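Notes to accompany the following structure.
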Amino acid sequence: MRLRLSDIARSLELASHCGDVTVTGLAIDSRLVEPGDLFVAIAGQRVDGHDYISSAIARGAVAVVSERPISQDIPHVIASDAMAACGHVARLVRAEFSGKVIGITGSAGKTTAKSFLAAICSGAGPTIATEGNQNNELGVPLTLAKLNSAAAFAVVEMGAAQMGDIAYLKSMASPQVVILLNAREAHVERFGSREAIVAAKGEILDNLSEHDTAILNADEPELAAWRARAQPAQVLTFGRSSAADIRLVSSQDRGFDGSVMNVDMCGTPALWRISIPGEPGMVNALAAAAAAQALGIEDKTISDGLASVTPVRGRGDIRQLQNGIRLIDDSYNASPSSVMAALNLLSSADAPRTAVLADMLELGDEAVTYHCNIGERIAELGIERLLAVGELSKHISDLSNSQTRHYKDVAALIADSPAFGANETVLIKGSRAMQLDRFVDAMCESLGGTSC
C-alpha cells in the first residue's frame, strides 16, 4: 500500500489539511499502528478512536482520518463517516492489485476454509489472508490494505450481520473467485428467517463476470438457485453429491487426528490427509481445493496445503491436560448444526466424556426447540456428563439424560470448579457472548494445558 493522502482526499471529494504525505498502511487501533500508517479514528459504541489520535501519532502514524476537527499538527482528512472512508481506502488499494482475490462466505466454516485455502495458496505464491475474525466492514479493509505488488493471492473472509453486508464487502474486495459454503440457522433472529440468510449469503454471487468463478456446495438445497444467481460466472461444485466437481468419494475417520479423504478432482483421483477433525473439516477442505482448482494450482500443492493446517484456538483446538484429560476448545461460537457436529466428534472418544455447552444465541422464535434438539442428541449419543451454562441451555440439560449440572453463567461454572477424571474428553462450545473461553483458560491454568 502506497497512497498519497491528497489522492485519498480527492477520491472522497474532500480536502486534505496540514500538508500531504504517502501512507503505507491502515490502522483503526492505536495500539497496532506501524510507522507510515494512516490512522482512522472511529467513534465506536465503547471506544472513541479520536481519544487515541495522539497515541497513534506517537507510534508512527503519518496521517489521520477524523470525523471532527483535530488539534494535532499532522496531515489529515475530515470525513463524515470514517468507517466508510476505510472502505474507500481499501478500494483504492484493491484497484492497484494485480493478483487473484478469493472471497469466502457462509454461515459456518469460513475461518477453516480460509485457513485451508491460504495454506494452499501460500505453496503457490506469496499470499495475504484475513487474520483472526476480521471479516466485517472494518476487518476487510484492514486485510485489503495489506495488498502489495509481491503478493499473488489474497484470501478474504466475509461475514454478515445484516442484508447488504456481503454485497458491500464484495464491492470492496472485487474477488475473481468466490466461495459460498452454506446457509445455516445461525443468526436467524437477526435476519428474520433462514430464507433471508440464504439471500444474504448469496450476495457474494451477484455481479460476477464470465471470467469469474463461483465455488458452490453441491450438497446444499439452494445449489440450483445459487448457480443461477452466479451467472454468467463459471461454477465449480464440491461435496459428497455424485454430481460434485470436487467430490468426496470415501473417507477414513481418524477421530481427533482428522481424516483421510479419497477425492475425485474433476475426474482425477486424489488422496488427502487433514488434521481438522469431523465432517465440517472435510467439507471445508473440499471447498478450498475447488477454489485452488479454479486458480490453476497444482494437485500436490493442494494436498500439501491441506495437510499443513491445524485447528486454531477456540475453533476445535485440542489440548492435552494433566492426567490424560483431553480438552476440545470449540468455544469461539456455536450454532445448532455446529454443536451437533461437535457432539458427533465427542461421541467418538472413549468414555468418560463431558460436554460443556452454553446458550446458542440469535436463534429467534425457535431457540427453545433448537436447544431441546441438542439435549435429545446428547441422550442419543450416550455422552456421560453435561455442564450447561445459560438460561436457554436449561432446555439442553432437561432432555440430555446425562449426569448434569446447570449454571446461570460462566462465572458460576468457574466458581464451581468441576473436577474431571483421568483420560476424560471435554468439549467446550457456546456462542461467543457466553464467554466459555474464560472456562477454557481456567481449565488450562489449573490443569496445565498445551495445544496438540
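Letters A, B, ... mark the chains of the C-alpha cells in the order given; residue numbers begin at 1 per chain; ligand numbers begin at 1, in order shown.
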
DSSP-assigned strand (DSSP E or B) among region 118-242 of chain A, expressed as a PyMOL selection string: chain A and resi 127-129+153-157+177-180+213-217+234-239

Kindly save the residues from that selection, with N, CA and C atoms included, as a CSV table (one decimal), in the first residue's frame.
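Final output, saved to again-v4.csv:
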chain,number,residue,atom,x,y,z
A,127,THR,N,1.0,-14.9,-0.3
A,127,THR,CA,-0.4,-14.9,0.0
A,127,THR,C,-0.7,-14.0,1.2
A,128,ILE,N,-1.8,-13.2,1.0
A,128,ILE,CA,-2.3,-12.4,2.1
A,128,ILE,C,-3.7,-12.9,2.5
A,129,ALA,N,-4.0,-13.1,3.7
A,129,ALA,CA,-5.3,-13.6,4.1
A,129,ALA,C,-5.8,-12.9,5.4
A,153,PHE,N,-1.8,-13.9,-4.2
A,153,PHE,CA,-3.2,-14.2,-3.8
A,153,PHE,C,-3.6,-13.5,-2.6
A,154,ALA,N,-4.9,-13.2,-2.5
A,154,ALA,CA,-5.5,-12.7,-1.3
A,154,ALA,C,-6.7,-13.4,-1.0
A,155,VAL,N,-6.8,-14.0,0.2
A,155,VAL,CA,-8.0,-14.8,0.6
A,155,VAL,C,-8.7,-14.0,1.7
A,156,VAL,N,-9.9,-13.6,1.3
A,156,VAL,CA,-10.7,-12.6,2.2
A,156,VAL,C,-12.0,-13.3,2.7
A,157,GLU,N,-12.0,-13.4,4.0
A,157,GLU,CA,-13.2,-13.9,4.6
A,157,GLU,C,-14.3,-12.8,4.8
A,177,VAL,N,-12.7,-15.1,-7.6
A,177,VAL,CA,-13.2,-16.4,-7.2
A,177,VAL,C,-14.0,-16.2,-5.9
A,178,VAL,N,-15.2,-16.7,-5.8
A,178,VAL,CA,-16.0,-16.6,-4.6
A,178,VAL,C,-16.4,-18.0,-4.2
A,179,ILE,N,-16.4,-18.2,-2.8
A,179,ILE,CA,-16.8,-19.4,-2.2
A,179,ILE,C,-18.0,-19.2,-1.4
A,180,LEU,N,-19.1,-19.9,-1.6
A,180,LEU,CA,-20.3,-19.9,-0.8
A,180,LEU,C,-20.5,-21.3,-0.2
A,213,THR,N,-15.2,-17.1,-11.1
A,213,THR,CA,-15.7,-18.5,-10.8
A,213,THR,C,-16.3,-18.5,-9.4
A,214,ALA,N,-17.5,-19.2,-9.4
A,214,ALA,CA,-18.2,-19.4,-8.1
A,214,ALA,C,-18.0,-20.8,-7.6
A,215,ILE,N,-17.6,-21.0,-6.4
A,215,ILE,CA,-17.4,-22.3,-5.8
A,215,ILE,C,-18.6,-22.5,-4.9
A,216,LEU,N,-19.5,-23.6,-5.2
A,216,LEU,CA,-20.7,-23.8,-4.5
A,216,LEU,C,-20.8,-25.2,-3.9
A,217,ASN,N,-21.5,-25.3,-2.8
A,217,ASN,CA,-21.7,-26.6,-2.1
A,217,ASN,C,-22.8,-27.4,-2.8
A,234,GLN,N,-18.4,-18.9,-14.2
A,234,GLN,CA,-18.2,-20.3,-14.2
A,234,GLN,C,-18.5,-20.8,-12.8
A,235,VAL,N,-18.9,-22.1,-12.7
A,235,VAL,CA,-19.3,-22.7,-11.4
A,235,VAL,C,-18.5,-24.0,-11.2
A,236,LEU,N,-17.9,-24.1,-10.1
A,236,LEU,CA,-17.3,-25.4,-9.7
A,236,LEU,C,-18.0,-25.8,-8.4
A,237,THR,N,-18.4,-27.1,-8.2
A,237,THR,CA,-19.1,-27.5,-7.1
A,237,THR,C,-18.3,-28.5,-6.3
A,238,PHE,N,-18.6,-28.6,-5.0
A,238,PHE,CA,-17.9,-29.5,-4.1
A,238,PHE,C,-18.9,-30.2,-3.2
A,239,GLY,N,-18.5,-31.4,-2.7
A,239,GLY,CA,-19.4,-32.1,-1.7
A,239,GLY,C,-19.3,-33.6,-1.9

For Ile374 (chain A): contacts at 9 Å, only C-alpha atoms, fewer than 6 positions along chain excluded, given as an MDAnalysis selection string: chainID A and resid 336 339:340 343 395:396 399:400

Region 14-19 of chain A surroundings by only C-alpha atoms, 7 Å radius, close-in-sequence under 3 positions cut, as a list in words: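 Once the nearby chain positions are removed, what remains is Ser6, Ala9, Arg10, Asp73, Ile74, Pro75, His76 and Val77 of chain A.
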
Helix (DSSP H, G or I) call set, DSSP backbone run, region 231-444 of chain A, as a PyMOL selection string: chain A and resi 255-257+278-294+299-308+322-324+336-347+364-381+394-399+410-416+432-434+437-444

Residue nearest Ala334 (chain A) among A:Asp253, A:Glu96, A:Asp165, A:Glu185 (counting only C-alpha atoms):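 Between A:Asp253, A:Glu96, A:Asp165, A:Glu185, the residue approaching Ala334 (chain A) most closely is A:Glu185.
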
Using only C-alpha atoms, which residues of region 111-169 of chain A come within 12 Å of region 314-320 of chain A, and what is the closest atom pair for each, with the distance in Å to one decimal? Give it as a tab-separated table, sorted by chain and residue number.
residue	atom	partner	partner_atom	distance
A:Thr111	CA	A:Arg315	CA	8.8
A:Thr112	CA	A:Arg315	CA	8.4
A:Ser115	CA	A:Arg315	CA	11.6
A:Gly132	CA	A:Gly314	CA	10.9
A:Asn133	CA	A:Arg315	CA	11.4

Export C-alpha atoms of the chosen residues as a PDB file, in the first residue's frame?
ATOM      1  CA  THR A 111     -12.390 -19.451   9.016  1.00  0.00           C
ATOM      2  CA  THR A 112     -11.435 -23.095   8.476  1.00  0.00           C
ATOM      3  CA  SER A 115      -7.114 -21.367   6.585  1.00  0.00           C
ATOM      4  CA  GLY A 132      -8.494 -13.834  13.082  1.00  0.00           C
ATOM      5  CA  ASN A 133     -12.126 -12.795  12.755  1.00  0.00           C
TER       6      ASN A 133
END
